[in-house]
Every structure is written in C-alpha cells, then in structure tokens.
Amino acid sequence: MRAGRLVAIMLLLERRGRMTGAQLAAELEVSERTVLRDVEELSGAGVPVFAVRGRGGGYDLLERR
C-alpha cells in the first residue's frame with residue numbers, strides 16, 4: 001500500500017505540478033500527516049521532491065519532464 005502511494009505521489013506531481021498536502025491527501029484518501037511522511041521518505045530515497053512554504057506553496061518535483 002505504501003509503495004503504491006509513493007509512486008502515486010510522484011506521478012501526481014509529475015503530471016499536475018505543485019500540489020498542496022491537502023490536495024495530495026484528498027486525492028490519495030489519507031491524512032496530510034501521512035503525505036508529509038511519504039514526501040520525507042521520497043526525499044530521503046533521493047527523489048527530487050521539495051516543499052514550498054507560504055501562500056501558493058505545496059510539494060513539487062525539482063525537475064519535471
């Protein structure tokens with residue numbers, strides 16, 4: 001389940017661009033805290049995902065193709 005969510009987060013960010021934790025949580029039907037943990041795990045594994053703080057912030061991939 002978790003591995004599928006990690007892949008889903010990467011695909012969502014690649015396709016849609018920046019998304020908030022709330023948007024990702026709603027799409028994946030999990031809590032925002034779970035999204036945060038998953039993003040931290042992706043980042044620790046070397047996936048170029050980063051957080052943007054403030055208004056209009058969210059999560060995004062460093063390089064999208």
# chains A, B, ... in the order shown; residues from 1 in each chain; ligands from 1
>>> residues_around(residues="Ser31 (chain A)", least_positions_apart="5", cutoff="9 Å", atoms="only C-alpha atoms", output="PyMOL selection string")
chain A and resi 21-22+24-26+36
>>> write_last_selection(atoms="N, CA and C atoms", output="compact mmCIF listing (two decimals), in the first residue's frame")
# COMPACT_ATOMS: atom_id res chain seq x y z
N GLY A 21 -0.40 19.73 0.41
CA GLY A 21 -0.57 18.50 1.18
C GLY A 21 -2.03 18.08 1.26
N ALA A 22 -2.90 19.07 1.38
CA ALA A 22 -4.35 18.79 1.44
C ALA A 22 -4.84 18.18 0.13
N LEU A 24 -3.03 16.50 -2.11
CA LEU A 24 -2.49 15.14 -2.21
C LEU A 24 -3.24 14.19 -1.28
N ALA A 25 -3.50 14.64 -0.06
CA ALA A 25 -4.21 13.81 0.91
C ALA A 25 -5.61 13.45 0.41
N ALA A 26 -6.31 14.42 -0.15
CA ALA A 26 -7.65 14.16 -0.67
C ALA A 26 -7.60 13.17 -1.85
N LEU A 36 2.98 14.00 4.41
CA LEU A 36 4.26 14.55 4.85
C LEU A 36 5.29 13.44 5.08
>>> residues_around(residues="Val47 (chain A)", least_positions_apart="4", cutoff="9 Å", atoms="only C-alpha atoms", output="NGL selection string")
:A and (10 or 41-43 or 61-62)
>>> write_last_selection(atoms="N, CA and C atoms", output="short mmCIF file (atom, residue, chain, number, x, y, z; two decimals), in the first residue's frame")
data_model
loop_
_atom_site.label_atom_id
_atom_site.label_comp_id
_atom_site.auth_asym_id
_atom_site.auth_seq_id
_atom_site.Cartn_x
_atom_site.Cartn_y
_atom_site.Cartn_z
N MET A 10 4.55 10.63 -6.76
CA MET A 10 5.47 11.04 -7.82
C MET A 10 4.73 11.29 -9.13
N GLU A 41 10.00 10.43 3.04
CA GLU A 41 10.61 9.16 2.62
C GLU A 41 11.11 9.25 1.18
N LEU A 42 10.32 9.85 0.30
CA LEU A 42 10.76 10.02 -1.09
C LEU A 42 12.03 10.85 -1.16
N SER A 43 12.05 11.94 -0.41
CA SER A 43 13.21 12.81 -0.41
C SER A 43 14.44 12.08 0.11
N LEU A 61 8.17 18.57 -7.78
CA LEU A 61 9.39 17.88 -8.17
C LEU A 61 10.39 18.90 -8.70
N LEU A 62 11.64 18.69 -8.40
CA LEU A 62 12.68 19.62 -8.82
C LEU A 62 12.75 19.70 -10.34
#
>>> select_by_dssp(residues="chain A", states="strand (DSSP E or B)", output="ChimeraX atom specification")
/A:19,49-52,58-61
>>> write_last_selection(atoms="all heavy atoms", output="compact mmCIF listing (two decimals), in the first residue's frame")
# COMPACT_ATOMS: atom_id res chain seq x y z
N MET A 19 1.36 20.68 -5.84
CA MET A 19 0.11 20.36 -5.15
C MET A 19 0.31 20.55 -3.66
O MET A 19 1.40 20.29 -3.14
CB MET A 19 -0.32 18.91 -5.42
CG MET A 19 -0.68 18.61 -6.86
SD MET A 19 -1.15 16.89 -7.11
CE MET A 19 -2.75 16.83 -6.31
N VAL A 49 11.97 15.74 -4.70
CA VAL A 49 10.72 16.37 -4.30
C VAL A 49 11.04 17.40 -3.23
O VAL A 49 11.93 17.20 -2.40
CB VAL A 49 9.70 15.33 -3.80
CG1 VAL A 49 10.17 14.61 -2.58
CG2 VAL A 49 8.34 15.94 -3.57
N PHE A 50 10.36 18.54 -3.27
CA PHE A 50 10.63 19.58 -2.29
C PHE A 50 9.34 20.29 -1.90
O PHE A 50 8.34 20.20 -2.61
CB PHE A 50 11.66 20.59 -2.81
CG PHE A 50 11.17 21.40 -3.99
CD1 PHE A 50 10.66 22.67 -3.79
CD2 PHE A 50 11.24 20.90 -5.27
CE1 PHE A 50 10.21 23.42 -4.87
CE2 PHE A 50 10.80 21.64 -6.35
CZ PHE A 50 10.28 22.91 -6.15
N ALA A 51 9.39 20.98 -0.76
CA ALA A 51 8.23 21.71 -0.27
C ALA A 51 8.45 23.21 -0.46
O ALA A 51 9.56 23.71 -0.29
CB ALA A 51 8.03 21.41 1.21
N VAL A 52 7.38 23.89 -0.82
CA VAL A 52 7.38 25.34 -0.96
C VAL A 52 6.43 25.86 0.12
O VAL A 52 5.27 25.48 0.15
CB VAL A 52 6.90 25.79 -2.35
CG1 VAL A 52 6.84 27.30 -2.45
CG2 VAL A 52 7.78 25.19 -3.43
N GLY A 58 3.29 24.24 -1.56
CA GLY A 58 2.91 22.84 -1.70
C GLY A 58 4.13 22.00 -1.96
O GLY A 58 5.26 22.38 -1.62
N TYR A 59 3.94 20.88 -2.58
CA TYR A 59 5.02 19.97 -2.92
C TYR A 59 5.19 19.96 -4.43
O TYR A 59 4.21 20.07 -5.18
CB TYR A 59 4.73 18.55 -2.43
CG TYR A 59 4.60 18.47 -0.93
CD1 TYR A 59 3.36 18.35 -0.33
CD2 TYR A 59 5.71 18.53 -0.11
CE1 TYR A 59 3.22 18.28 1.04
CE2 TYR A 59 5.60 18.47 1.27
CZ TYR A 59 4.34 18.35 1.83
OH TYR A 59 4.23 18.28 3.20
N ASP A 60 6.42 19.80 -4.87
CA ASP A 60 6.70 19.78 -6.31
C ASP A 60 7.96 18.95 -6.54
O ASP A 60 8.72 18.68 -5.61
CB ASP A 60 6.90 21.20 -6.83
CG ASP A 60 6.62 21.33 -8.32
OD1 ASP A 60 6.46 20.30 -9.00
OD2 ASP A 60 6.58 22.47 -8.80
N LEU A 61 8.17 18.57 -7.78
CA LEU A 61 9.39 17.88 -8.17
C LEU A 61 10.39 18.90 -8.70
O LEU A 61 10.00 19.85 -9.39
CB LEU A 61 9.11 16.83 -9.25
CG LEU A 61 8.23 15.66 -8.82
CD1 LEU A 61 7.93 14.77 -10.02
CD2 LEU A 61 8.88 14.86 -7.72
>>> select_by_dssp(residues="chain A", states="alpha helix (DSSP H)", output="PyMOL selection string")
chain A and resi 2-16+21-28+32-44
>>> write_last_selection(atoms="N, CA and C atoms", output="mmCIF file, in the first residue's frame")
data_model
loop_
_atom_site.group_PDB
_atom_site.id
_atom_site.type_symbol
_atom_site.label_atom_id
_atom_site.label_comp_id
_atom_site.auth_asym_id
_atom_site.auth_seq_id
_atom_site.Cartn_x
_atom_site.Cartn_y
_atom_site.Cartn_z
ATOM 1 N N ARG A 2 1.850 1.301 0.890
ATOM 2 C CA ARG A 2 2.679 2.492 0.994
ATOM 3 C C ARG A 2 3.494 2.707 -0.278
ATOM 4 N N ALA A 3 4.060 1.640 -0.826
ATOM 5 C CA ALA A 3 4.857 1.774 -2.053
ATOM 6 C C ALA A 3 3.988 2.326 -3.179
ATOM 7 N N GLY A 4 2.756 1.882 -3.249
ATOM 8 C CA GLY A 4 1.838 2.385 -4.262
ATOM 9 C C GLY A 4 1.548 3.867 -4.081
ATOM 10 N N ARG A 5 1.430 4.294 -2.822
ATOM 11 C CA ARG A 5 1.201 5.711 -2.534
ATOM 12 C C ARG A 5 2.394 6.552 -2.930
ATOM 13 N N LEU A 6 3.597 6.050 -2.673
ATOM 14 C CA LEU A 6 4.802 6.798 -3.024
ATOM 15 C C LEU A 6 4.886 7.006 -4.528
ATOM 16 N N VAL A 7 4.586 5.967 -5.270
ATOM 17 C CA VAL A 7 4.579 6.076 -6.733
ATOM 18 C C VAL A 7 3.471 7.025 -7.174
ATOM 19 N N ALA A 8 2.318 6.931 -6.533
ATOM 20 C CA ALA A 8 1.193 7.809 -6.889
ATOM 21 C C ALA A 8 1.543 9.276 -6.648
ATOM 22 N N ILE A 9 2.234 9.573 -5.554
ATOM 23 C CA ILE A 9 2.641 10.954 -5.275
ATOM 24 C C ILE A 9 3.563 11.452 -6.378
ATOM 25 N N MET A 10 4.545 10.629 -6.757
ATOM 26 C CA MET A 10 5.470 11.038 -7.822
ATOM 27 C C MET A 10 4.733 11.287 -9.128
ATOM 28 N N LEU A 11 3.805 10.410 -9.483
ATOM 29 C CA LEU A 11 3.056 10.566 -10.730
ATOM 30 C C LEU A 11 2.158 11.799 -10.700
ATOM 31 N N LEU A 12 1.491 12.031 -9.566
ATOM 32 C CA LEU A 12 0.633 13.214 -9.454
ATOM 33 C C LEU A 12 1.443 14.496 -9.606
ATOM 34 N N LEU A 13 2.580 14.569 -8.942
ATOM 35 C CA LEU A 13 3.403 15.766 -9.024
ATOM 36 C C LEU A 13 3.990 15.946 -10.417
ATOM 37 N N GLU A 14 4.312 14.842 -11.064
ATOM 38 C CA GLU A 14 4.870 14.935 -12.418
ATOM 39 C C GLU A 14 3.814 15.431 -13.403
ATOM 40 N N ARG A 15 2.600 14.943 -13.252
ATOM 41 C CA ARG A 15 1.527 15.296 -14.192
ATOM 42 C C ARG A 15 0.910 16.659 -13.913
ATOM 43 N N ARG A 16 0.680 16.955 -12.630
ATOM 44 C CA ARG A 16 -0.064 18.166 -12.277
ATOM 45 C C ARG A 16 0.805 19.319 -11.799
ATOM 46 N N GLY A 21 -0.404 19.728 0.409
ATOM 47 C CA GLY A 21 -0.567 18.499 1.178
ATOM 48 C C GLY A 21 -2.025 18.084 1.255
ATOM 49 N N ALA A 22 -2.905 19.074 1.376
ATOM 50 C CA ALA A 22 -4.345 18.787 1.444
ATOM 51 C C ALA A 22 -4.842 18.183 0.131
ATOM 52 N N GLN A 23 -4.373 18.713 -0.990
ATOM 53 C CA GLN A 23 -4.781 18.171 -2.291
ATOM 54 C C GLN A 23 -4.289 16.733 -2.458
ATOM 55 N N LEU A 24 -3.031 16.502 -2.112
ATOM 56 C CA LEU A 24 -2.488 15.140 -2.215
ATOM 57 C C LEU A 24 -3.237 14.193 -1.282
ATOM 58 N N ALA A 25 -3.500 14.644 -0.059
ATOM 59 C CA ALA A 25 -4.207 13.810 0.914
ATOM 60 C C ALA A 25 -5.606 13.446 0.409
ATOM 61 N N ALA A 26 -6.305 14.418 -0.151
ATOM 62 C CA ALA A 26 -7.653 14.156 -0.668
ATOM 63 C C ALA A 26 -7.596 13.174 -1.850
ATOM 64 N N GLU A 27 -6.641 13.377 -2.725
ATOM 65 C CA GLU A 27 -6.509 12.507 -3.899
ATOM 66 C C GLU A 27 -6.181 11.067 -3.497
ATOM 67 N N LEU A 28 -5.328 10.912 -2.483
ATOM 68 C CA LEU A 28 -4.876 9.591 -2.059
ATOM 69 C C LEU A 28 -5.710 9.005 -0.921
ATOM 70 N N GLU A 32 -3.040 14.428 5.885
ATOM 71 C CA GLU A 32 -1.935 15.296 5.464
ATOM 72 C C GLU A 32 -0.629 14.856 6.128
ATOM 73 N N ARG A 33 -0.719 14.353 7.351
ATOM 74 C CA ARG A 33 0.475 13.866 8.055
ATOM 75 C C ARG A 33 1.082 12.675 7.315
ATOM 76 N N THR A 34 0.257 11.801 6.781
ATOM 77 C CA THR A 34 0.742 10.657 6.007
ATOM 78 C C THR A 34 1.445 11.146 4.748
ATOM 79 N N VAL A 35 0.892 12.154 4.098
ATOM 80 C CA VAL A 35 1.527 12.737 2.913
ATOM 81 C C VAL A 35 2.898 13.289 3.285
ATOM 82 N N LEU A 36 2.982 13.998 4.408
ATOM 83 C CA LEU A 36 4.259 14.553 4.855
ATOM 84 C C LEU A 36 5.289 13.444 5.076
ATOM 85 N N ARG A 37 4.887 12.381 5.751
ATOM 86 C CA ARG A 37 5.803 11.254 5.977
ATOM 87 C C ARG A 37 6.236 10.627 4.657
ATOM 88 N N ASP A 38 5.310 10.475 3.733
ATOM 89 C CA ASP A 38 5.633 9.881 2.439
ATOM 90 C C ASP A 38 6.589 10.769 1.642
ATOM 91 N N VAL A 39 6.372 12.073 1.664
ATOM 92 C CA VAL A 39 7.258 13.009 0.953
ATOM 93 C C VAL A 39 8.655 12.978 1.570
ATOM 94 N N GLU A 40 8.721 12.909 2.894
ATOM 95 C CA GLU A 40 10.024 12.806 3.559
ATOM 96 C C GLU A 40 10.744 11.528 3.154
ATOM 97 N N GLU A 41 10.000 10.431 3.041
ATOM 98 C CA GLU A 41 10.608 9.163 2.625
ATOM 99 C C GLU A 41 11.110 9.245 1.179
ATOM 100 N N LEU A 42 10.324 9.848 0.302
ATOM 101 C CA LEU A 42 10.756 10.019 -1.089
ATOM 102 C C LEU A 42 12.028 10.855 -1.161
ATOM 103 N N SER A 43 12.048 11.944 -0.413
ATOM 104 C CA SER A 43 13.215 12.814 -0.409
ATOM 105 C C SER A 43 14.445 12.075 0.114
ATOM 106 N N GLY A 44 14.267 11.300 1.165
ATOM 107 C CA GLY A 44 15.360 10.518 1.724
ATOM 108 C C GLY A 44 15.879 9.461 0.775
#
